[in-house]
file coords.cif (mmCIF, C-alpha atoms)
data_coords
#
loop_
_atom_site.label_atom_id
_atom_site.label_comp_id
_atom_site.auth_asym_id
_atom_site.auth_seq_id
_atom_site.Cartn_x
_atom_site.Cartn_y
_atom_site.Cartn_z
CA MET A 11 35.49 0.91 5.65
CA ASN A 12 36.39 4.55 5.19
CA THR A 13 34.73 7.89 5.82
CA ASN A 14 34.12 8.41 2.09
CA ASN A 15 31.03 6.23 2.36
CA THR A 16 27.85 8.27 2.71
CA ILE A 17 25.12 6.43 4.63
CA ALA A 18 21.39 7.04 4.32
CA ILE A 19 19.19 5.94 7.22
CA ILE A 20 15.57 5.44 6.14
CA GLY A 21 13.31 5.97 9.15
CA LEU A 22 14.31 8.11 12.14
CA GLY A 23 12.33 6.60 14.98
CA TYR A 24 13.45 4.68 18.07
CA VAL A 25 15.79 2.53 15.96
CA GLY A 26 16.92 4.76 13.14
CA LEU A 27 17.86 7.90 15.04
CA PRO A 28 20.32 6.33 17.54
CA LEU A 29 21.94 4.46 14.66
CA ALA A 30 22.14 7.61 12.54
CA VAL A 31 23.74 9.60 15.37
CA GLU A 32 26.41 6.95 15.96
CA PHE A 33 27.27 6.64 12.28
CA ALA A 34 27.32 10.45 11.99
CA LYS A 35 30.27 10.57 14.37
CA LYS A 36 32.40 8.89 11.66
CA TYR A 37 30.58 9.22 8.34
CA PRO A 38 28.43 11.62 6.34
CA VAL A 39 24.87 10.52 7.13
CA ILE A 40 21.56 11.45 5.52
CA GLY A 41 18.61 10.73 7.79
CA PHE A 42 15.33 10.39 5.90
CA ASP A 43 11.84 10.29 7.41
CA ILE A 44 8.47 11.07 5.82
CA ASN A 45 7.26 12.82 9.00
CA GLU A 46 7.85 16.53 8.45
CA ASN A 47 7.30 17.34 12.14
CA ARG A 48 9.90 14.76 13.13
CA ILE A 49 12.44 16.34 10.79
CA ALA A 50 11.76 19.82 12.17
CA GLU A 51 12.14 18.51 15.72
CA LEU A 52 15.47 16.82 14.95
CA ARG A 53 16.83 19.86 13.11
CA SER A 54 16.16 21.88 16.26
CA GLY A 55 18.30 19.39 18.19
CA GLN A 56 15.43 17.74 20.09
CA ASP A 57 14.43 14.07 20.27
CA LYS A 58 11.02 13.45 21.82
CA THR A 59 11.61 9.68 21.91
CA LEU A 60 14.39 10.35 24.47
CA GLU A 61 16.56 7.67 22.84
CA VAL A 62 19.31 10.19 22.10
CA GLU A 63 20.51 12.92 24.44
CA ASN A 64 19.79 16.34 22.94
CA SER A 65 23.41 17.37 23.45
CA GLU A 66 24.58 14.31 21.51
CA LEU A 67 22.15 15.04 18.68
CA GLN A 68 23.11 18.70 18.55
CA ALA A 69 26.79 17.73 18.27
CA VAL A 70 26.25 15.94 14.92
CA ILE A 71 23.20 17.62 13.35
CA GLN A 72 23.75 19.65 10.17
CA GLN A 73 21.41 22.19 8.64
CA ASP A 74 22.82 21.63 5.13
CA PHE A 75 24.36 18.58 3.47
CA ASP A 76 27.93 18.98 2.21
CA ASN A 77 29.26 15.38 2.32
CA SER A 78 31.12 16.03 5.54
CA ILE A 79 30.93 13.90 8.68
CA GLY A 80 27.69 14.57 10.52
CA LEU A 81 23.92 14.06 10.28
CA TYR A 82 21.67 15.85 7.81
CA VAL A 83 17.96 15.05 8.23
CA THR A 84 15.31 15.52 5.58
CA ASN A 85 11.83 14.46 4.46
CA THR A 86 12.67 14.88 0.77
CA VAL A 87 14.59 12.49 -1.47
CA ASP A 88 16.78 15.15 -3.12
CA LYS A 89 19.99 14.19 -1.28
CA LEU A 90 19.43 10.42 -1.10
CA PRO A 91 21.33 9.70 -4.36
CA GLU A 92 24.48 10.96 -2.60
CA ALA A 93 24.49 7.80 -0.47
CA THR A 94 26.23 4.55 -1.31
CA ILE A 95 24.83 2.63 1.67
CA TYR A 96 21.12 2.60 2.57
CA ILE A 97 19.94 1.29 5.95
CA VAL A 98 16.18 0.75 6.31
CA THR A 99 14.84 1.02 9.87
CA VAL A 100 11.09 1.49 9.37
CA PRO A 101 8.52 -0.22 11.63
CA THR A 102 6.92 -3.56 10.72
CA PRO A 103 3.64 -3.74 12.67
CA THR A 104 0.70 -6.15 12.53
CA ASP A 105 -2.93 -5.41 11.69
CA GLU A 106 -6.06 -6.01 13.80
CA LEU A 107 -5.94 -9.68 12.78
CA ASN A 108 -2.28 -9.94 13.81
CA LYS A 109 -1.14 -10.30 10.21
CA PRO A 110 2.20 -8.70 9.26
CA VAL A 111 1.91 -5.26 7.67
CA PHE A 112 4.70 -4.66 5.16
CA THR A 113 3.45 -1.30 3.89
CA PRO A 114 6.18 0.82 5.56
CA LEU A 115 8.87 -1.61 4.38
CA ILE A 116 7.48 -1.67 0.83
CA LYS A 117 7.26 2.13 0.66
CA ALA A 118 10.81 2.47 2.01
CA SER A 119 12.07 -0.05 -0.56
CA GLU A 120 10.34 1.89 -3.34
CA THR A 121 12.00 5.11 -2.14
CA VAL A 122 15.44 3.50 -2.08
CA GLY A 123 14.90 1.72 -5.39
CA LYS A 124 14.26 5.02 -7.18
CA VAL A 125 17.67 6.40 -6.14
CA LEU A 126 19.71 3.18 -6.18
CA LYS A 127 22.94 3.19 -8.21
CA PRO A 128 25.37 0.49 -9.35
CA ASN A 129 27.46 -0.97 -6.49
CA ASP A 130 25.18 0.48 -3.76
CA ILE A 131 24.35 -1.65 -0.73
CA VAL A 132 20.93 -1.77 0.96
CA ILE A 133 20.80 -3.06 4.54
CA TYR A 134 17.53 -3.86 6.28
CA GLU A 135 17.13 -3.70 10.06
CA SER A 136 13.34 -3.96 10.26
CA THR A 137 11.95 -7.13 11.82
CA VAL A 138 10.67 -9.56 9.18
CA TYR A 139 10.07 -13.28 8.76
CA PRO A 140 12.90 -15.41 7.32
CA GLY A 141 13.12 -14.80 3.59
CA ALA A 142 11.29 -11.47 3.49
CA THR A 143 14.32 -9.37 2.54
CA GLU A 144 15.00 -11.41 -0.57
CA ASP A 145 11.38 -12.32 -1.40
CA VAL A 146 9.61 -9.02 -0.66
CA CYS A 147 12.16 -6.18 -0.64
CA ILE A 148 14.72 -7.12 -3.29
CA PRO A 149 12.18 -7.43 -6.15
CA ILE A 150 10.93 -3.92 -5.31
CA LEU A 151 14.48 -2.56 -5.42
CA GLU A 152 15.07 -4.25 -8.78
CA GLU A 153 11.78 -3.00 -10.24
CA HIS A 154 12.30 0.65 -9.31
CA SER A 155 16.04 0.82 -10.01
CA GLY A 156 16.28 -1.29 -13.15
CA LEU A 157 19.34 -2.91 -11.57
CA VAL A 158 20.07 -6.60 -11.02
CA PHE A 159 20.46 -7.94 -7.48
CA ASN A 160 23.91 -9.31 -6.58
CA LYS A 161 25.26 -8.04 -9.91
CA ASP A 162 24.56 -4.29 -9.90
CA PHE A 163 23.63 -3.79 -6.24
CA PHE A 164 23.87 -5.81 -3.04
CA ALA A 165 21.99 -6.30 0.22
CA GLY A 166 22.48 -7.07 3.87
CA TYR A 167 20.37 -7.68 6.95
CA SER A 168 21.29 -6.66 10.49
CA PRO A 169 18.36 -6.96 12.91
CA GLU A 170 17.77 -4.07 15.29
CA ARG A 171 18.05 -4.85 19.00
CA ILE A 172 17.17 -1.46 20.48
CA ASN A 173 15.43 -1.61 23.85
CA PRO A 174 13.45 1.68 24.13
CA GLY A 175 14.13 3.56 27.34
CA ASP A 176 17.16 1.41 28.23
CA LYS A 177 20.09 3.75 28.90
CA LYS A 178 22.45 0.86 29.70
CA HIS A 179 22.02 -1.28 26.58
CA THR A 180 22.31 1.44 23.95
CA VAL A 181 22.92 0.76 20.27
CA THR A 182 26.74 0.60 20.44
CA LYS A 183 26.67 -1.64 23.52
CA ILE A 184 24.47 -4.36 22.00
CA LEU A 185 26.25 -7.04 19.97
CA LYS A 186 25.09 -6.78 16.34
CA VAL A 187 24.16 -9.69 14.10
CA THR A 188 25.14 -8.98 10.49
CA SER A 189 24.75 -10.68 7.12
CA GLY A 190 25.11 -10.05 3.41
CA SER A 191 23.85 -11.30 0.07
CA ASN A 192 27.28 -12.68 -0.87
CA PRO A 193 30.54 -13.20 1.05
CA GLU A 194 32.08 -9.88 0.00
CA THR A 195 28.97 -7.91 0.95
CA ALA A 196 28.66 -9.79 4.22
CA LYS A 197 32.21 -8.77 5.18
CA PHE A 198 31.55 -5.18 4.11
CA VAL A 199 28.36 -4.99 6.21
CA ASP A 200 30.09 -6.58 9.19
CA ASP A 201 33.00 -4.15 8.97
CA LEU A 202 30.58 -1.22 8.67
CA TYR A 203 28.86 -2.08 11.93
CA LYS A 204 32.12 -3.02 13.63
CA SER A 205 33.25 0.56 13.05
CA ILE A 206 30.65 1.85 15.54
CA ILE A 207 29.46 -1.13 17.64
CA THR A 208 31.81 -1.45 20.62
CA ALA A 209 30.08 -4.65 21.77
CA GLY A 210 31.17 -6.40 18.59
CA THR A 211 29.36 -8.22 15.80
CA HIS A 212 28.30 -11.73 14.85
CA LEU A 213 28.43 -12.49 11.14
CA ALA A 214 25.57 -14.86 10.27
CA PRO A 215 26.04 -17.24 7.32
CA SER A 216 23.05 -15.85 5.40
CA ILE A 217 20.39 -13.15 5.41
CA LYS A 218 17.71 -15.73 6.25
CA VAL A 219 19.64 -16.89 9.33
CA ALA A 220 19.93 -13.30 10.56
CA GLU A 221 16.20 -12.71 9.95
CA ALA A 222 15.28 -15.90 11.80
CA ALA A 223 17.56 -15.03 14.73
CA LYS A 224 15.71 -11.76 15.24
CA VAL A 225 12.22 -13.23 15.35
CA ILE A 226 13.14 -16.06 17.69
CA GLU A 227 14.87 -13.73 20.17
CA ASN A 228 11.58 -12.04 20.95
CA SER A 229 9.46 -15.16 20.45
CA GLN A 230 11.52 -16.87 23.14
CA ARG A 231 10.90 -14.02 25.59
CA ASP A 232 7.23 -13.97 24.68
CA ILE A 233 6.81 -17.67 25.42
CA ASN A 234 8.69 -17.44 28.72
CA ILE A 235 6.56 -14.50 29.86
CA ALA A 236 3.42 -16.37 28.78
CA PHE A 237 4.46 -19.25 31.05
CA VAL A 238 4.78 -17.06 34.14
CA ASN A 239 1.55 -15.26 33.22
CA GLU A 240 -0.20 -18.61 33.25
CA LEU A 241 1.45 -19.42 36.57
CA SER A 242 0.13 -16.12 37.91
CA LYS A 243 -3.42 -17.07 36.98
CA ILE A 244 -3.05 -20.50 38.59
CA PHE A 245 -1.45 -19.22 41.78
CA ARG A 246 -4.11 -16.54 42.15
CA LEU A 247 -6.73 -19.31 42.26
CA LEU A 248 -4.62 -21.11 44.85
CA ASP A 249 -4.14 -17.90 46.90
CA ILE A 250 -0.36 -18.05 46.47
CA ASP A 251 1.86 -15.01 45.84
CA THR A 252 3.40 -15.55 42.39
CA ARG A 253 6.32 -13.21 43.03
CA ALA A 254 7.20 -15.08 46.22
CA VAL A 255 7.13 -18.38 44.29
CA LEU A 256 9.41 -16.96 41.59
CA GLU A 257 11.83 -15.61 44.19
CA ALA A 258 12.01 -19.04 45.84
CA ALA A 259 12.42 -20.89 42.54
CA GLY A 260 15.02 -18.34 41.46
CA THR A 261 17.44 -19.58 44.11
CA LYS A 262 18.20 -22.55 41.82
CA TRP A 263 21.27 -21.76 39.69
CA ASN A 264 19.65 -22.62 36.34
CA PHE A 265 16.18 -21.16 36.91
CA ILE A 266 15.37 -18.57 34.22
CA ASN A 267 14.01 -15.39 35.76
CA PHE A 268 10.91 -13.97 34.05
CA THR A 269 8.08 -12.04 35.67
CA PRO A 270 4.38 -11.83 34.76
CA GLY A 271 2.89 -8.75 33.17
CA LEU A 272 1.54 -7.06 30.06
CA VAL A 273 3.46 -7.75 26.84
CA GLY A 274 3.31 -4.97 24.25
CA GLY A 275 5.64 -2.72 22.33
CA HIS A 276 7.04 -2.91 18.82
CA CYS A 277 8.97 -6.18 19.26
CA ILE A 278 7.92 -8.87 21.72
CA GLY A 279 4.20 -8.37 21.16
CA VAL A 280 4.61 -8.32 17.36
CA ASP A 281 7.58 -10.38 16.17
CA PRO A 282 6.14 -13.84 16.99
CA TYR A 283 3.28 -13.19 14.57
CA TYR A 284 5.80 -12.70 11.72
CA LEU A 285 7.32 -16.12 12.36
CA ALA A 286 3.90 -17.70 12.89
CA GLN A 287 2.59 -16.29 9.62
CA LYS A 288 5.54 -17.68 7.65
CA ALA A 289 5.19 -21.05 9.38
CA ILE A 290 1.49 -21.23 8.47
CA GLU A 291 2.24 -20.30 4.86
CA SER A 292 4.78 -23.13 4.83
CA GLY A 293 2.21 -25.67 6.06
CA TYR A 294 3.01 -25.81 9.78
CA ASN A 295 0.76 -24.64 12.62
CA PRO A 296 3.02 -23.08 15.31
CA GLU A 297 1.14 -24.17 18.42
CA ILE A 298 3.51 -22.99 21.17
CA ILE A 299 4.21 -19.59 19.60
CA LEU A 300 0.51 -18.81 19.11
CA ALA A 301 -0.42 -20.19 22.52
CA GLY A 302 2.09 -17.84 24.11
CA ARG A 303 0.67 -14.90 22.15
CA LYS A 304 -2.89 -15.84 23.15
CA MET A 305 -1.93 -16.00 26.83
CA ASN A 306 -0.08 -12.68 26.82
CA ASP A 307 -2.79 -10.91 24.84
CA SER A 308 -5.34 -12.01 27.45
CA MET A 309 -3.62 -10.39 30.43
CA GLY A 310 -5.10 -6.89 30.12
CA SER A 311 -8.70 -8.06 30.16
CA TYR A 312 -7.83 -10.55 32.91
CA VAL A 313 -6.50 -7.76 35.16
CA ALA A 314 -9.66 -5.70 34.61
CA GLN A 315 -11.96 -8.66 35.25
CA GLU A 316 -10.16 -9.63 38.45
CA THR A 317 -10.30 -6.01 39.62
CA VAL A 318 -14.06 -5.89 39.02
CA LYS A 319 -14.49 -9.11 41.05
CA MET A 320 -12.60 -7.57 43.97
CA MET A 321 -14.67 -4.39 43.70
CA ILE A 322 -17.88 -6.43 43.87
CA ASN A 323 -16.59 -8.35 46.89
CA LYS A 324 -15.94 -5.04 48.66
CA GLY A 325 -19.45 -3.81 47.94
CA ALA A 326 -18.80 -1.38 45.09
CA THR A 327 -21.43 -0.56 42.49
CA ILE A 328 -19.72 -1.34 39.20
CA LYS A 329 -21.72 0.66 36.67
CA GLY A 330 -20.69 4.28 36.90
CA SER A 331 -17.79 3.59 39.24
CA ASN A 332 -14.49 5.46 38.90
CA VAL A 333 -11.21 3.70 38.19
CA LEU A 334 -7.70 5.09 37.81
CA VAL A 335 -5.22 3.37 35.49
CA LEU A 336 -1.60 4.36 36.03
CA GLY A 337 0.42 4.12 32.83
CA ILE A 338 -0.35 3.85 29.10
CA THR A 339 3.17 3.45 27.60
CA PHE A 340 4.22 -0.08 26.72
CA LYS A 341 6.98 -0.12 29.34
CA GLU A 342 8.29 1.84 32.30
CA ASN A 343 10.19 5.14 32.10
CA CYS A 344 9.72 5.40 28.35
CA PRO A 345 7.37 7.57 26.24
CA ASP A 346 6.65 4.86 23.64
CA ILE A 347 2.92 4.04 23.44
CA ARG A 348 3.14 1.70 20.44
CA ASN A 349 1.14 -1.50 20.93
CA SER A 350 0.64 -0.80 24.63
CA ARG A 351 -1.40 -3.54 26.24
CA ALA A 352 -2.48 -1.23 29.05
CA ILE A 353 -5.21 -0.22 26.61
CA ASP A 354 -6.73 -3.70 27.03
CA ILE A 355 -7.32 -2.98 30.72
CA ILE A 356 -9.01 0.31 29.88
CA ARG A 357 -11.20 -1.16 27.13
CA GLU A 358 -12.31 -4.03 29.38
CA PHE A 359 -13.29 -1.62 32.15
CA GLU A 360 -15.33 0.35 29.63
CA THR A 361 -17.42 -2.74 28.82
CA TYR A 362 -18.65 -2.57 32.44
CA HIS A 363 -19.61 1.12 31.96
CA ILE A 364 -16.86 2.16 34.34
CA ASN A 365 -15.43 5.68 34.17
CA VAL A 366 -11.68 5.38 33.57
CA ASP A 367 -9.07 8.05 34.25
CA VAL A 368 -5.59 7.43 32.84
CA TYR A 369 -2.48 9.15 34.15
CA ASP A 370 0.96 8.77 32.59
CA PRO A 371 3.67 11.44 33.06
CA TRP A 372 5.78 9.95 30.26
CA ALA A 373 3.22 9.71 27.47
CA SER A 374 2.30 12.46 25.01
CA ALA A 375 -1.34 13.48 25.49
CA GLN A 376 -1.56 14.33 21.78
CA GLU A 377 -0.24 10.92 20.71
CA VAL A 378 -2.55 9.09 23.12
CA GLN A 379 -5.58 11.01 21.83
CA HIS A 380 -4.57 10.25 18.25
CA GLU A 381 -3.79 6.58 18.85
CA TYR A 382 -6.39 5.58 21.44
CA GLY A 383 -9.00 8.34 21.42
CA PHE A 384 -9.03 9.51 25.03
CA ASP A 385 -7.54 12.33 27.08
CA LEU A 386 -4.83 11.77 29.67
CA ILE A 387 -4.93 13.28 33.14
CA SER A 388 -2.32 15.97 32.66
CA SER A 389 -0.76 15.98 36.14
CA SER A 390 -0.95 14.20 39.49
CA GLN A 391 -2.63 17.30 40.95
CA GLU A 392 -5.67 16.63 38.76
CA LEU A 393 -6.22 13.12 40.11
CA LYS A 394 -9.47 12.66 42.00
CA ALA A 395 -9.99 11.21 45.46
CA ASN A 396 -12.18 8.20 46.19
CA TYR A 397 -11.37 6.02 43.19
CA ASP A 398 -13.20 2.71 43.44
CA ALA A 399 -10.14 0.98 42.01
CA ILE A 400 -6.58 1.84 41.03
CA VAL A 401 -4.61 -0.31 38.60
CA LEU A 402 -0.88 0.24 38.22
CA ALA A 403 -0.21 -0.97 34.67
CA VAL A 404 3.26 0.53 34.10
CA SER A 405 5.95 0.95 36.75
CA HIS A 406 7.07 4.53 36.04
CA LYS A 407 9.32 5.79 38.82
CA GLU A 408 7.04 8.81 39.33
CA PHE A 409 4.26 6.55 40.59
CA LEU A 410 6.28 5.78 43.70
CA GLU A 411 5.67 9.38 44.75
CA LEU A 412 1.87 8.99 44.69
CA ASP A 413 -0.07 8.48 47.91
CA ILE A 414 -2.18 5.64 46.58
CA HIS A 415 -4.35 5.30 49.66
CA SER A 416 -5.34 8.95 49.64
CA LEU A 417 -6.59 8.46 46.07
CA LYS A 418 -8.81 5.43 46.69
CA SER A 419 -12.13 5.20 48.46
CA SER A 420 -12.57 3.40 51.79
CA ILE A 421 -13.49 0.23 49.88
CA GLY A 422 -11.22 0.93 46.90
CA VAL A 423 -9.19 -1.83 45.30
CA VAL A 424 -5.52 -1.56 44.26
CA PHE A 425 -4.21 -3.99 41.64
CA ASP A 426 -0.44 -3.64 41.19
CA VAL A 427 0.34 -5.35 37.89
CA LYS A 428 4.07 -4.63 38.13
CA SER A 429 4.60 -5.22 41.88
CA LEU A 430 5.94 -1.70 42.26
CA PHE A 431 4.35 -1.00 45.64
CA PRO A 432 4.90 -2.93 48.89
CA LYS A 433 2.69 -6.01 49.02
CA ASN A 434 0.89 -4.88 52.18
CA LEU A 435 -0.35 -1.72 50.43
CA VAL A 436 -2.16 -3.46 47.56
CA ASP A 437 -5.04 -5.89 47.19
CA ALA A 438 -3.59 -7.89 44.31
CA ARG A 439 -0.64 -8.17 41.99
CA LEU A 440 0.37 -10.50 39.17
#
call {"tool": "encode", "arguments": {"input": "coords.cif", "output": "structure tokens"}}
result
Amino acid sequence: MNTNNTIAIIGLGYVGLPLAVEFAKKYPVIGFDINENRIAELRSGQDKTLEVENSELQAVIQQDFDNSIGLYVTNTVDKLPEATIYIVTVPTPTDELNKPVFTPLIKASETVGKVLKPNDIVIYESTVYPGATEDVCIPILEEHSGLVFNKDFFAGYSPERINPGDKKHTVTKILKVTSGSNPETAKFVDDLYKSIITAGTHLAPSIKVAEAAKVIENSQRDINIAFVNELSKIFRLLDIDTRAVLEAAGTKWNFINFTPGLVGGHCIGVDPYYLAQKAIESGYNPEIILAGRKMNDSMGSYVAQETVKMMINKGATIKGSNVLVLGITFKENCPDIRNSRAIDIIREFETYHINVDVYDPWASAQEVQHEYGFDLISSSQELKANYDAIVLAVSHKEFLELDIHSLKSSIGVVFDVKSLFPKNLVDARL
């Protein structure tokens, strides 16, 4: 590898931007994103995802592209032909039926295909099912470029492992799986990532192996969390504290520590469906994977239903009651609201004609309104008193500063999904 290689990063979200910034410390980098507002934000040296420190972004950002080391961001394709390496980091979501949605990946491949030149390399980081890079993306690149795969241009796959909001396991500190469409390309891709990833790399024997490794990483976590979620439901019926059971069991040296909760976000709540879909297409019904997804997808409505039962037992009138939900992001201390399962709690409460207030100091009110169609409580000072129930859905550190008992009514219920508060201060927790 040498600094003469110009790298284009396609997609500047939670995955693409940190990668672009790291590469921009050693290479000329063109960051491309179709969101004009995102480009304007990054050019001003700000990152609303909080994945990159503003000072770090400002140190590499360029206002004009001149093939020097640094990061030039744009929403136009004018400069993309300058690149010799293209890294695609667009999202791969699912639809309302949990079917994989390849539209962003297809559009990104079309964009790259139109500027692809002989000897260029295209690397995909987006989560896909095994075989998708070669079966879905490569034909699009060939069609729009007029070039022949593995003769005129080459491909690699290196699955993203970004953990949004995690300031310890940042992109350079997470070991990177790499792969290529032939041995020479595989070595080139591995060397490229080795030049910035201090944690090292693992060169997989094929693109399909690397794709499969990504989807099973998150499928494994999903299944393990589903198991403890089921335990939580069982132990609640038996009047046993699940967290106490897990702490006791965790004293065994080989016990794997997982905790119950809501499972959302752009990876764990989505990736298993990509593997399941491919399995079904291949004639196999993935029972365990889908059972885990079904269990985890049920937890939001379960929390709301159990809260309503406790409210009834305390004498509350359910219709027209007031409930406070704390947190709408998919995880703690992170502004990412993608595929948040806290929304399931809110929607279930609404079926009982309950008035729901939602407070989240990390989430963007504009994004929440656009994505979910309701307004956030803008600050803790606007919270009401006498809530009939309070549900802590996300364990933001700011919630520890709230006086929960001054917010609830005399018969109010507190359900602490994340076990953030002391046990004696809540009525229930998973």
call {"tool": "resolve_selection", "arguments": {"input": "coords.cif", "expression": "the PyMOL selection byres ((chain A and resi 220) around 12)", "output": "ChimeraX atom specification"}}
result
/A:133-143,166-170,186-191,196,211-219,221-227
call {"tool": "closest_residue", "arguments": {"input": "coords.cif", "among": "A:Leu435, A:Leu300, A:Ile338, A:Ala236", "to": "A:Gly275", "atoms": "all atoms listed in the file"}}
result
A:Ile338
call {"tool": "resolve_selection", "arguments": {"input": "coords.cif", "expression": "the PyMOL selection byres ((chain A and resi 397) around 8)", "output": "count of residues only"}}
result
14
call {"tool": "atom_distance", "arguments": {"input": "coords.cif", "atom1": "atom CA of A:Cys277", "atom2": "atom CA of A:Thr84"}}
result
26.4 Å
call {"tool": "resolve_selection", "arguments": {"input": "coords.cif", "expression": "the PyMOL selection byres ((chain A and resi 46-54) around 10)", "output": "list in words"}}
result
Leu22, Gly23, Leu27, Gly41, Phe42, Asp43, Ile44, Asn45, Gly55, Gln56, Asp57, Lys58, Asn64, Leu67, Gln68, Ile71, Gln72, Gln73, Leu81, Tyr82, Val83, Thr84, Asn85 and Thr86 of chain A
call {"tool": "atom_distance", "arguments": {"input": "coords.cif", "atom1": "atom CA of A:Asp251", "atom2": "atom CA of A:Asp426"}}
result
12.5 Å
call {"tool": "closest_residue", "arguments": {"input": "coords.cif", "among": "A:Thr16, A:Ser311, A:Ser119, A:Thr59", "to": "A:Pro91", "atoms": "all atoms listed in the file"}}
result
A:Thr16
